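Structure file data-v4.cif (mmCIF, C-alpha atoms) is printed below.
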data_target
#
loop_
_atom_site.label_atom_id
_atom_site.label_comp_id
_atom_site.auth_asym_id
_atom_site.auth_seq_id
_atom_site.Cartn_x
_atom_site.Cartn_y
_atom_site.Cartn_z
CA MET A 122 -151.53 78.05 55.47
CA LYS A 123 -154.42 79.70 53.62
CA VAL A 124 -153.87 80.52 49.93
CA LEU A 125 -155.88 82.75 47.61
CA ILE A 126 -155.60 82.00 43.91
CA SER A 127 -156.77 84.63 41.46
CA TYR A 128 -158.42 82.63 38.70
CA ASP A 129 -159.86 83.81 35.38
CA GLY A 130 -159.61 80.65 33.31
CA SER A 131 -156.63 81.88 31.27
CA ASP A 132 -153.50 79.80 30.66
CA GLY A 133 -151.70 81.80 33.33
CA ALA A 134 -154.51 81.22 35.81
CA ARG A 135 -154.52 77.47 35.14
CA GLN A 136 -150.78 77.39 35.74
CA ALA A 137 -151.25 79.40 38.94
CA LEU A 138 -153.84 76.88 40.14
CA LYS A 139 -151.56 73.94 39.29
CA PHE A 140 -148.69 75.62 41.12
CA GLY A 141 -150.90 76.30 44.13
CA LEU A 142 -151.99 72.68 44.22
CA SER A 143 -148.35 71.58 44.19
CA LEU A 144 -148.17 73.16 47.66
CA LYS A 145 -151.12 71.18 49.01
CA CYS A 146 -149.07 69.44 51.70
CA LYS A 147 -148.65 72.89 53.31
CA VAL A 148 -152.04 74.43 52.48
CA GLU A 149 -155.04 74.07 54.78
CA GLU A 150 -157.47 75.95 52.56
CA TYR A 151 -157.64 77.42 49.07
CA LYS A 152 -159.71 80.48 48.15
CA ILE A 153 -160.27 80.53 44.38
CA VAL A 154 -161.41 84.00 43.35
CA TYR A 155 -162.91 85.07 40.04
CA VAL A 156 -163.89 88.70 39.53
CA ILE A 157 -166.53 89.50 36.92
CA PRO A 158 -165.15 92.50 35.03
CA THR A 159 -167.14 95.67 34.55
CA ILE A 160 -168.73 96.18 31.18
CA VAL A 161 -167.34 99.37 29.73
CA GLY A 162 -169.38 101.35 27.22
CA ILE A 163 -167.95 102.37 23.89
CA SER A 164 -167.84 106.02 24.86
CA ALA A 165 -167.97 107.82 28.17
CA SER A 166 -169.69 110.78 26.50
CA PHE A 167 -173.12 109.14 26.35
CA ASP A 168 -175.20 106.72 28.35
CA SER A 169 -175.62 103.31 26.88
CA TYR A 170 -178.15 100.63 27.61
CA ILE A 171 -176.76 97.21 28.42
CA PRO A 172 -179.38 94.45 28.28
CA GLU A 173 -179.85 92.25 31.35
CA SER A 174 -178.96 89.23 29.20
CA VAL A 175 -175.38 90.53 28.95
CA TYR A 176 -175.04 90.50 32.74
CA GLU A 177 -176.63 87.06 32.90
CA GLY A 178 -174.13 85.89 30.30
CA GLN A 179 -171.24 87.23 32.38
CA ASP A 180 -172.55 85.45 35.45
CA LYS A 181 -172.91 82.19 33.52
CA THR A 182 -169.37 82.57 32.16
CA ALA A 183 -168.07 83.15 35.70
CA ASP A 184 -169.80 79.98 36.89
CA GLU A 185 -168.29 78.00 33.99
CA ILE A 186 -164.79 79.33 34.75
CA LEU A 187 -165.08 78.43 38.43
CA GLU A 188 -166.50 75.01 37.53
CA LYS A 189 -163.34 74.29 35.52
CA ALA A 190 -161.22 75.24 38.53
CA LYS A 191 -163.38 72.99 40.70
CA LYS A 192 -162.53 69.99 38.50
CA PHE A 193 -158.83 70.44 39.35
CA LEU A 194 -159.57 70.92 43.04
CA VAL A 195 -161.83 67.88 43.40
CA LYS A 196 -159.17 65.61 41.86
CA GLU A 197 -156.66 66.81 44.44
CA ASP A 198 -159.02 66.30 47.40
CA VAL A 199 -158.27 69.65 49.04
CA ASN A 200 -160.28 72.08 51.15
CA TYR A 201 -161.41 74.98 48.97
CA GLU A 202 -163.92 77.76 48.52
CA LEU A 203 -164.93 79.20 45.15
CA ILE A 204 -165.56 82.93 45.33
CA LYS A 205 -167.27 84.95 42.59
CA LEU A 206 -167.11 88.72 42.91
CA ASN A 207 -168.64 91.41 40.74
CA SER A 208 -166.27 94.30 40.10
CA ASN A 209 -169.02 96.94 39.83
CA GLY A 210 -166.51 99.39 38.39
CA GLN A 211 -163.83 98.70 40.98
CA GLU A 212 -160.29 97.67 40.14
CA ILE A 213 -160.02 93.86 39.96
CA ALA A 214 -156.67 93.77 41.76
CA ARG A 215 -158.13 95.82 44.65
CA LEU A 216 -161.06 93.42 45.01
CA ILE A 217 -158.71 90.44 45.11
CA LEU A 218 -156.56 92.14 47.72
CA ASP A 219 -159.62 93.04 49.81
CA GLU A 220 -160.74 89.41 49.69
CA ALA A 221 -157.25 88.28 50.75
CA LEU A 222 -157.32 90.70 53.67
CA HIS A 223 -160.86 89.68 54.65
CA ASP A 224 -159.96 85.97 54.61
CA ASN A 225 -156.56 86.45 56.31
CA VAL A 226 -154.71 84.55 53.60
CA ASP A 227 -151.00 83.86 53.90
CA LEU A 228 -150.18 83.82 50.19
CA ILE A 229 -151.71 85.09 46.96
CA ILE A 230 -151.02 83.19 43.76
CA THR A 231 -151.87 84.72 40.42
CA GLY A 232 -151.11 84.03 36.81
CA THR A 233 -150.00 86.49 34.21
CA ARG A 234 -150.80 86.91 30.55
CA LYS A 235 -147.41 88.57 29.97
CA LEU A 236 -148.96 91.63 28.37
CA HIS A 237 -146.59 94.16 26.85
CA GLY A 238 -146.82 97.60 25.30
CA ILE A 239 -150.20 98.85 24.17
CA SER A 240 -151.99 95.67 25.30
CA LYS A 241 -150.82 96.22 28.86
CA LEU A 242 -151.74 99.89 28.69
CA LEU A 243 -155.25 99.20 27.41
CA LEU A 244 -156.05 96.04 29.35
CA GLY A 245 -154.09 96.72 32.51
CA SER A 246 -152.38 94.10 34.57
CA VAL A 247 -154.16 92.53 37.51
CA SER A 248 -150.98 90.76 38.62
CA SER A 249 -149.05 94.07 38.63
CA GLY A 250 -151.77 95.68 40.73
CA ILE A 251 -151.72 92.80 43.19
CA ILE A 252 -147.94 92.93 43.53
CA ALA A 253 -147.92 96.70 43.99
CA HIS A 254 -150.40 96.75 46.87
CA ALA A 255 -150.32 93.33 48.55
CA GLU A 256 -149.76 93.03 52.28
CA VAL A 257 -148.93 89.31 52.03
CA PRO A 258 -146.49 87.44 49.77
CA VAL A 259 -147.49 87.09 46.12
CA THR A 260 -146.37 84.46 43.66
CA VAL A 261 -146.88 85.22 39.96
CA VAL A 262 -146.94 82.17 37.70
CA PRO A 263 -146.30 82.52 33.95
CA PRO A 264 -148.53 80.80 31.38
#

Hey, can you dump this file as structure tokens for me?
Amino acid sequence: MKVLISYDGSDGARQALKFGLSLKCKVEEYKIVYVIPTIVGISASFDSYIPESVYEGQDKTADEILEKAKKFLVKEDVNYELIKLNSNGQEIARLILDEALHDNVDLIITGTRKLHGISKLLLGSVSSGIIAHAEVPVTVVPP
């Protein structure tokens, strides 16, 4: 079985990774995916300049997040691939689903931050988007 784990370093993502690793006797390969979110300007009514250092900082943060996941994976002695994607304005859930389709995964595991109300409205829910459009089974793990 091939498993994709959506990983952003949050408590929910760490729990998702731990849950995924509990299935290691059935998993041939893990795909650990982190999507660098798009930087959104303060207002859509004017162009804003975003310094290159901000993008470099995001890339460094992504590497640090995936490095933390790697520490779990190495301890478990499993076959894995770390995948870093840049959202470039696309929906994060869609990118994760595209990666799952591209890699022919059998299961997607994702965490949740259990957002409610205005937080969910403003920040969205990657796990909800994955569930809504997935073509393979999805397991959502709480923090």

Task: Residues in the PyMOL selection byres ((chain A and resi 213) around 10), expressed as an MDAnalysis selection string - done: chainID A and resid 127 155:159 206:212 214:219 245:248 250:251

Open item on the list: Once the PyMOL selection byres ((chain A and resi 190) around 8) is applied to the coordinates I shared, what remains selected? I want it as a count of residues only.
Closed with: 13

TODO: Enter the distance from CA of Tyr151 (chain A) to CA of Leu228 (chain A), in Å, rounded to one decimal.
DONE: 9.9 Å
